[in-house]
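Visitor: Sharing a structure, written as structure tokens. Questions coming.
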Amino acid sequence: DGGITQSPKYLFRKEGQNVTLSCEQNLNHDAMYWYRQDPGQGLRLIYYSQIVNDFQKGDIAEGYSVSREKKESFPLTVTSAQKNPTAFYLCASSMKGTGGTDTQYFGPGTRLTVL
Amino acid sequence: AQSVTQPDIHITVSEGASLELRCNYSYGATPYLFWYVQSPGQGLQLLLKYFSGDTLVQGIKGFEAEFKRSQSSFNLRKPSVHWSDAAEYFCAVAGNAGKSTFGDGTTLTVKP
């Protein structure tokens with residue numbers, strides 16, 4: 001089955017620790033995205049990547065880092081610099097990442113809680 | 001800059017009743033518009049999309065949406081709501097650069 005997987009589903013972190021969220025896709029998509037979702041709010045873009053070994057900051061990149069070493073994988077690290085990391089994190093992918101007709105497909109999400 | 005407004009935070013309808021969820025967008029050129037649905041604790045599933053052509057688009061699960069350029073709207077409709085439709089619904093707009101902007105969502109509750 002083609003799709004996007006995110007792991008873990010739930011993640012708990014102590015303050016001051018870095019944590020990495022996994023996102024893998026087997027859709028052969030070039031572009032991948034990370035969004036943050038808070039209660040009562042829409043999705044806010046953290047980082048996106050349109051090609052391997054390249055990525056761009058989104059609207060709320062501070063306190064986060066990413067890498068794109070493989071086409072299939074786009075892990076997100078939430079660093080200790082992120083002041084309020086408790087949220088639901090969604091990964092998405094799309095075929096090209098350019099042009100408004102490029103539809104995004106979403107993974108099931110990871111809920112991160114900072115204790 | 002592009003933006004999306006979903007004026008209704010929460011809507012409650014009775015099962016079998018009709019549904020309309022509102023979406024207004026702001027974008028300088030021809031917009032690309034999407035509706036997604038999200039069940040609690042899950043990712044987003046694409047319901048339908050509008051790129052060009054017929055302004056009434058059909059989607060999955062019996063949903064449809066109508067693009068009205070004069071009103072900058074892309075409202076989602078369903079003639080008869082089922083209890084399984086209870087979820088959160090997001091409208092999104094994308095420009096030519098490919099970046100999407102999402103509304104804050106509308107939570108739908110279905111009464112038996």
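Ordered as shown in the structure tokens, chains take letters A, B, and onward, while each chain numbers its residues from 1 and ligands are numbered from 1 in the order shown.
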List every residue of range 15-64 of chain B that DSSP, applied to the backbone, labels as strand (DSSP E), and write the result as a list in words.
Guide: Leu19, Glu20, Leu21, Asn24, Tyr25, Ser26, Tyr32, Leu33, Phe34, Trp35, Tyr36, Val37, Gln38, Leu44, Gln45, Leu46, Leu47, Leu48, Lys49, Tyr50, Leu56, Val57, Gln58 and Glu64 of chain B
Visitor: Up to 8 Å from chain A, what residues of chain B turn up? Count only C-alpha atoms and give them as an MDAnalysis selection string.
Guide: chainID B and resid 31:32 41:46 51 90 94:105
Visitor: Out of B:Ala86, B:Ala29, B:Leu108, B:Leu47, which residue has the shortest atom-to-atom distance to Lys61 in chain B when counting only C-alpha atoms?
Guide: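 With only C-alpha atoms as the atom set, the closest residue is B:Leu47.
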Visitor: Extract, using only C-alpha atoms, all DNA, RNA and protein residues at most 6 Å from Thr86 in chain A, discarding same-chain residues fewer than 3 positions from it, and format them as a list of chain:residue names.
Guide: A:Leu112, A:Thr113, A:Val114
Visitor: Take the residues that were just selected and, keeping C-alpha atoms, output them as a short mmCIF file (atom, residue, chain, number, x, y, z; two decimals), in the first residue's frame.
Guide:
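And here is the file that came out, out05.cif:
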data_model
loop_
_atom_site.label_atom_id
_atom_site.label_comp_id
_atom_site.auth_asym_id
_atom_site.auth_seq_id
_atom_site.Cartn_x
_atom_site.Cartn_y
_atom_site.Cartn_z
CA LEU A 112 4.01 15.39 21.17
CA THR A 113 3.61 16.22 24.86
CA VAL A 114 6.28 17.96 26.88
#
Visitor: Which residues come within 8 Å of Arg22 in chain B, counting only C-alpha atoms, excluding same-chain residues fewer than 4 positions away, as a compact mmCIF listing (two decimals) with N, CA and C atoms, in the first residue's frame?
Guide:
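Contents of out_4.txt, freshly written:
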# COMPACT_ATOMS: atom_id res chain seq x y z
N GLN B 6 -12.66 30.54 7.77
CA GLN B 6 -13.81 29.67 7.98
C GLN B 6 -14.61 30.31 9.11
N PRO B 7 -15.70 30.98 8.81
CA PRO B 7 -16.39 31.81 9.80
C PRO B 7 -17.02 31.04 10.95
N ASP B 8 -17.35 29.77 10.70
CA ASP B 8 -18.03 28.98 11.71
C ASP B 8 -17.06 28.06 12.41
N SER B 73 -15.59 32.69 -2.40
CA SER B 73 -16.04 31.63 -1.50
C SER B 73 -15.90 30.26 -2.15
N PHE B 74 -15.83 29.28 -1.30
CA PHE B 74 -15.73 27.88 -1.74
C PHE B 74 -16.41 27.05 -0.67
N ASN B 75 -17.72 27.10 -0.63
CA ASN B 75 -18.49 26.46 0.43
C ASN B 75 -18.71 24.97 0.16
N LEU B 76 -18.63 24.21 1.21
CA LEU B 76 -18.79 22.75 1.15
C LEU B 76 -20.22 22.39 1.51
Visitor: Between B:Thr107, B:Gln71, B:Leu21, B:Arg77, which is the closest to Leu56 in chain B once you count only C-alpha atoms?
Guide: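 Selected residue with least distance to Leu56 in chain B: B:Arg77.
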Visitor: Which residue out of A:Glu24, A:Asp30, A:Glu15, A:Glu62 has the minimum interatomic distance to Ile46 in chain A when only C-alpha atoms are used?
Guide: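 When distances to Ile46 in chain A are compared using only C-alpha atoms, the smallest one comes from A:Glu62.
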Visitor: Can you pull out the residues contacting His82 in chain B? Cut-off 9 Å, using only C-alpha atoms, and skip same-chain residues under 3 positions away; I want them as a compact mmCIF listing (two decimals) with N, CA, C and O atoms, in the first residue's frame.
Guide:
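Full text of out_37.txt as output:
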# COMPACT_ATOMS: atom_id res chain seq x y z
N SER B 14 -28.64 17.97 12.58
CA SER B 14 -29.28 16.69 12.85
C SER B 14 -28.97 15.70 11.72
O SER B 14 -28.81 16.11 10.56
N GLU B 15 -28.88 14.45 12.08
CA GLU B 15 -28.63 13.42 11.06
C GLU B 15 -29.74 13.47 10.03
O GLU B 15 -30.93 13.56 10.37
N GLY B 16 -29.34 13.43 8.78
CA GLY B 16 -30.30 13.51 7.68
C GLY B 16 -30.53 14.91 7.17
O GLY B 16 -31.08 15.10 6.07
N ALA B 17 -30.13 15.91 7.93
CA ALA B 17 -30.29 17.30 7.49
C ALA B 17 -29.18 17.66 6.51
O ALA B 17 -28.17 16.99 6.41
N ASP B 85 -20.15 11.59 9.59
CA ASP B 85 -19.56 12.83 9.05
C ASP B 85 -19.03 13.74 10.16
O ASP B 85 -18.37 14.75 9.86
N ALA B 86 -19.34 13.44 11.40
CA ALA B 86 -18.85 14.27 12.50
C ALA B 86 -17.32 14.27 12.50
O ALA B 86 -16.69 13.20 12.58
N VAL B 110 -22.93 15.97 14.79
CA VAL B 110 -24.16 15.45 14.20
C VAL B 110 -25.04 14.91 15.32
O VAL B 110 -24.64 14.00 16.06
Visitor: Can you tell me which residues surround range 77-84 of chain A at a distance of at most 6 Å, considering only C-alpha atoms, apart from same-chain residues fewer than 6 positions away, and format the answer as a PyMOL selection string?
Guide: chain A and resi 16-20+63-65
Visitor: For CA of Phe74 in chain A and CA of Cys23 in chain A, quote the distance in Å rounded to one decimal.
Guide: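 That distance, rounded to one decimal, is 5.5 Å.
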Visitor: For CA of Asn28 in chain A and CA of Lys57 in chain A, quote the distance in Å rounded to one decimal.
Guide: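 One can read the CA of Asn28 in chain A to CA of Lys57 in chain A distance as 22.3 Å.
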